[in-house]
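Peer 1: Have a look at the structure that comes next, please.
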Amino acid sequence: MIISILNCDKKWGIGKKNGLLFTLKEDMKFFRETTLNHVVAMGENTLLSFPNGKPLKNRTHIVLSGDPSHNYEGVINVHTFDDFLRIISEKGQHEDVYIIGGASIYNQTLPYVDLVYLTKVDEDGGAEVFFTNLDELDNFEVIKESDTIKDGEHNIRFLTYKNTKKKEIL
């Protein structure tokens, strides 16, 4: 399966200044436990936002960079969106692949994902970058929703959306 995993504020904001809007321990724990020993797919800026710009431990990384001279150690480097989709599709036939950012990657891959794991924060984070409002799309439906919990100072809910009209990657 291909699964997007992210958090957003109540306006569907996901980032500012190439970073996250909130520090959420419960969300980070969920992310870590969910993606561990799986494939994660991202754009170049997401990789560079990790500590020391290094891949996360115990995951296979697929990284899209539009610059063919940008090749990173310890990852599967791809340089076109078509190749990115093809590799995600190949890996997704055998194991779960998690789309982990950034905004452009989330939005371009959205038609092809099976599920979206979304942590919704009940406040405005002052975002500069936004995710598609899935509640306004007829092909995404909530299939699972947690009760509201406290994550530090923030009220959050974990939601799972299913793409009912997933496009196949050719």
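Just so we're on the same page: first chain in the structure tokens is A, next is B, and so on; residues restart at 1 for each chain, and ligands are numbered from 1 in the order they show up.
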With only C-alpha atoms as the counted atoms, please give the residues lying no more than 7 Å from segment 130-146 of chain A, apart from itself and same-chain residues fewer than 4 positions off, as a list in words.

Peer 2: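 Once the adjacent positions are removed, what remains is Trp12, Gly13, Ile14, Ala103, Asn107, Arg157, Phe158, Leu159, Thr160, Tyr161, Lys162, Asn163, Thr164 and Lys165 of chain A.
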
Peer 1: Report as JSON lines the residues of segment 64-154 of chain A within 7 Å of segment 44-48 of chain A, each with its shortest atom pair and distance in Å (one decimal), using only C-alpha atoms, ordered by chain and increasing residue number.

Peer 2:
{"residue": "A:Leu64", "atom": "CA", "partner": "A:Glu44", "partner_atom": "CA", "distance": 5.7}
{"residue": "A:Ser65", "atom": "CA", "partner": "A:Glu44", "partner_atom": "CA", "distance": 5.3}
{"residue": "A:Gly101", "atom": "CA", "partner": "A:Thr46", "partner_atom": "CA", "distance": 6.0}
{"residue": "A:Gly102", "atom": "CA", "partner": "A:Thr46", "partner_atom": "CA", "distance": 5.8}

Peer 1: Determine, counting only C-alpha atoms, which protein, DNA and RNA residues have an atom within 7 Å of an atom of Asp151 of chain A; residues of the same chain fewer than 6 positions away are not included. Present the result as a VMD selection string.

Peer 2: chain A and resid 24 to 26

Peer 1: Filtering to C-alpha atoms, could you give me those residues as a PDB file, in the first residue's frame?

Peer 2:
ATOM      1  CA  LEU A  24       4.051  16.704  19.027  1.00  0.00           C
ATOM      2  CA  LYS A  25       5.495  13.809  21.035  1.00  0.00           C
ATOM      3  CA  GLU A  26       2.504  11.491  20.514  1.00  0.00           C
TER       4      GLU A  26
END

Peer 1: If you count only C-alpha atoms, which residues fall within 12 Å of Asp83 of chain A, apart from same-chain ones fewer than 5 positions away, as a list in words?

Peer 2: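 Listing them by chain and then by number gives Ile62, Val63, Leu64, Ser65, Gly66, Ile76, Asn77, Val78, Ile88, Ser89, Glu90, Ile169 and Leu170 of chain A.
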
Peer 1: Write a file of the selected residues as a short mmCIF file (atom, residue, chain, number, x, y, z; two decimals), in the first residue's frame, keeping N, CA and C atoms.

Peer 2:
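Now in selection_27.cif:
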data_model
loop_
_atom_site.label_atom_id
_atom_site.label_comp_id
_atom_site.auth_asym_id
_atom_site.auth_seq_id
_atom_site.Cartn_x
_atom_site.Cartn_y
_atom_site.Cartn_z
N ILE A 62 13.37 6.73 -0.32
CA ILE A 62 13.32 7.12 -1.73
C ILE A 62 13.26 8.64 -1.73
N VAL A 63 14.23 9.28 -2.37
CA VAL A 63 14.33 10.73 -2.34
C VAL A 63 14.31 11.28 -3.77
N LEU A 64 13.37 12.19 -4.01
CA LEU A 64 13.26 12.85 -5.31
C LEU A 64 13.97 14.19 -5.26
N SER A 65 14.94 14.35 -6.16
CA SER A 65 15.60 15.65 -6.36
C SER A 65 15.57 15.95 -7.85
N GLY A 66 15.13 17.15 -8.18
CA GLY A 66 15.08 17.54 -9.58
C GLY A 66 16.46 17.78 -10.17
N ILE A 76 17.64 5.75 -1.98
CA ILE A 76 17.40 5.53 -3.40
C ILE A 76 17.16 6.91 -4.00
N ASN A 77 18.08 7.37 -4.82
CA ASN A 77 17.99 8.70 -5.43
C ASN A 77 17.24 8.60 -6.76
N VAL A 78 16.23 9.47 -6.93
CA VAL A 78 15.53 9.56 -8.21
C VAL A 78 15.44 11.03 -8.62
N ILE A 88 8.01 3.90 -6.18
CA ILE A 88 7.01 3.79 -5.11
C ILE A 88 6.03 2.66 -5.42
N SER A 89 5.56 2.61 -6.65
CA SER A 89 4.61 1.59 -7.07
C SER A 89 5.22 0.20 -6.95
N GLU A 90 6.46 0.03 -7.41
CA GLU A 90 7.13 -1.27 -7.32
C GLU A 90 7.27 -1.71 -5.87
N ILE A 169 -0.73 3.73 -10.85
CA ILE A 169 0.51 4.26 -11.43
C ILE A 169 0.84 3.39 -12.63
N LEU A 170 1.00 4.02 -13.76
CA LEU A 170 1.27 3.26 -15.01
C LEU A 170 2.75 3.03 -15.20
#

Peer 1: Find the residue from A:Asp96, A:Ile5, A:His38, A:Ile156 that sits nearest to Glu123 of chain A; use only C-alpha atoms when measuring.

Peer 2: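 Looking only at the distances to Glu123 of chain A, the closest residue turns out to be A:Ile156.
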
Peer 1: Would you return as a VMD selection string the members of segment 9-103 of chain A that DSSP assigns to helix (DSSP H, G or I) on this structure's backbone?

Peer 2: chain A and resid 25 to 35 44 to 49 51 to 53 81 to 92 103

Peer 1: Find the spatial neighbours of Leu21 of chain A, counting only C-alpha atoms, within a cut-off of 9 Å - ignore same-chain residues fewer than 5 positions away - and output them as a tab-separated table (two decimals) with C-alpha atoms, in the first residue's frame.

Peer 2:
chain	number	residue	atom	x	y	z
A	7	ASN	CA	0.01	16.26	10.64
A	8	CYS	CA	-1.87	19.46	9.96
A	9	ASP	CA	-3.57	22.30	11.76
A	13	GLY	CA	-1.58	23.86	7.23
A	14	ILE	CA	1.45	21.58	7.32
A	15	GLY	CA	4.53	23.76	7.50
A	16	LYS	CA	6.39	27.00	7.59
A	125	GLY	CA	-0.33	26.97	13.38
A	126	GLY	CA	0.25	29.99	11.13
A	127	ALA	CA	1.20	27.81	8.17

Peer 1: Measure the distance from atom CA of Gly92 of chain A to atom CA of Asp114 of chain A in Å and round it to one decimal.

Peer 2: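 That distance, rounded to one decimal, is 10.2 Å.
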
Peer 1: Provide the atom CA of Thr109 of chain A to atom CA of Leu36 of chain A distance in Å, to one decimal place.

Peer 2: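 These two atoms are separated by 20.9 Å.
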
Peer 1: Would you compute the distance between atom CA of Tyr72 of chain A and atom CA of Ile105 of chain A? Give it in Å to one decimal.

Peer 2: 17.9 Å

Peer 1: Here is a test: counting only C-alpha atoms, which residue of A:Ile87, A:Lys120, A:Asn58, A:Val113 is nearest to Glu33 of chain A?

Peer 2: A:Asn58

Peer 1: Select from chain A everything DSSP, run on the backbone, classes as strand (DSSP E), then give the selection as a ChimeraX atom specification.

Peer 2: /A:2-8,13-15,39-43,60-64,76-78,97-99,115-121,129-130,140-145,149-151,154-163

Peer 1: Nearest to Tyr112 of chain A: which of A:Asp147, A:Glu95, A:Glu168, A:Asp27 is it, counting only C-alpha atoms?

Peer 2: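 Nearest candidate to Tyr112 of chain A out of A:Asp147, A:Glu95, A:Glu168, A:Asp27: A:Glu168.
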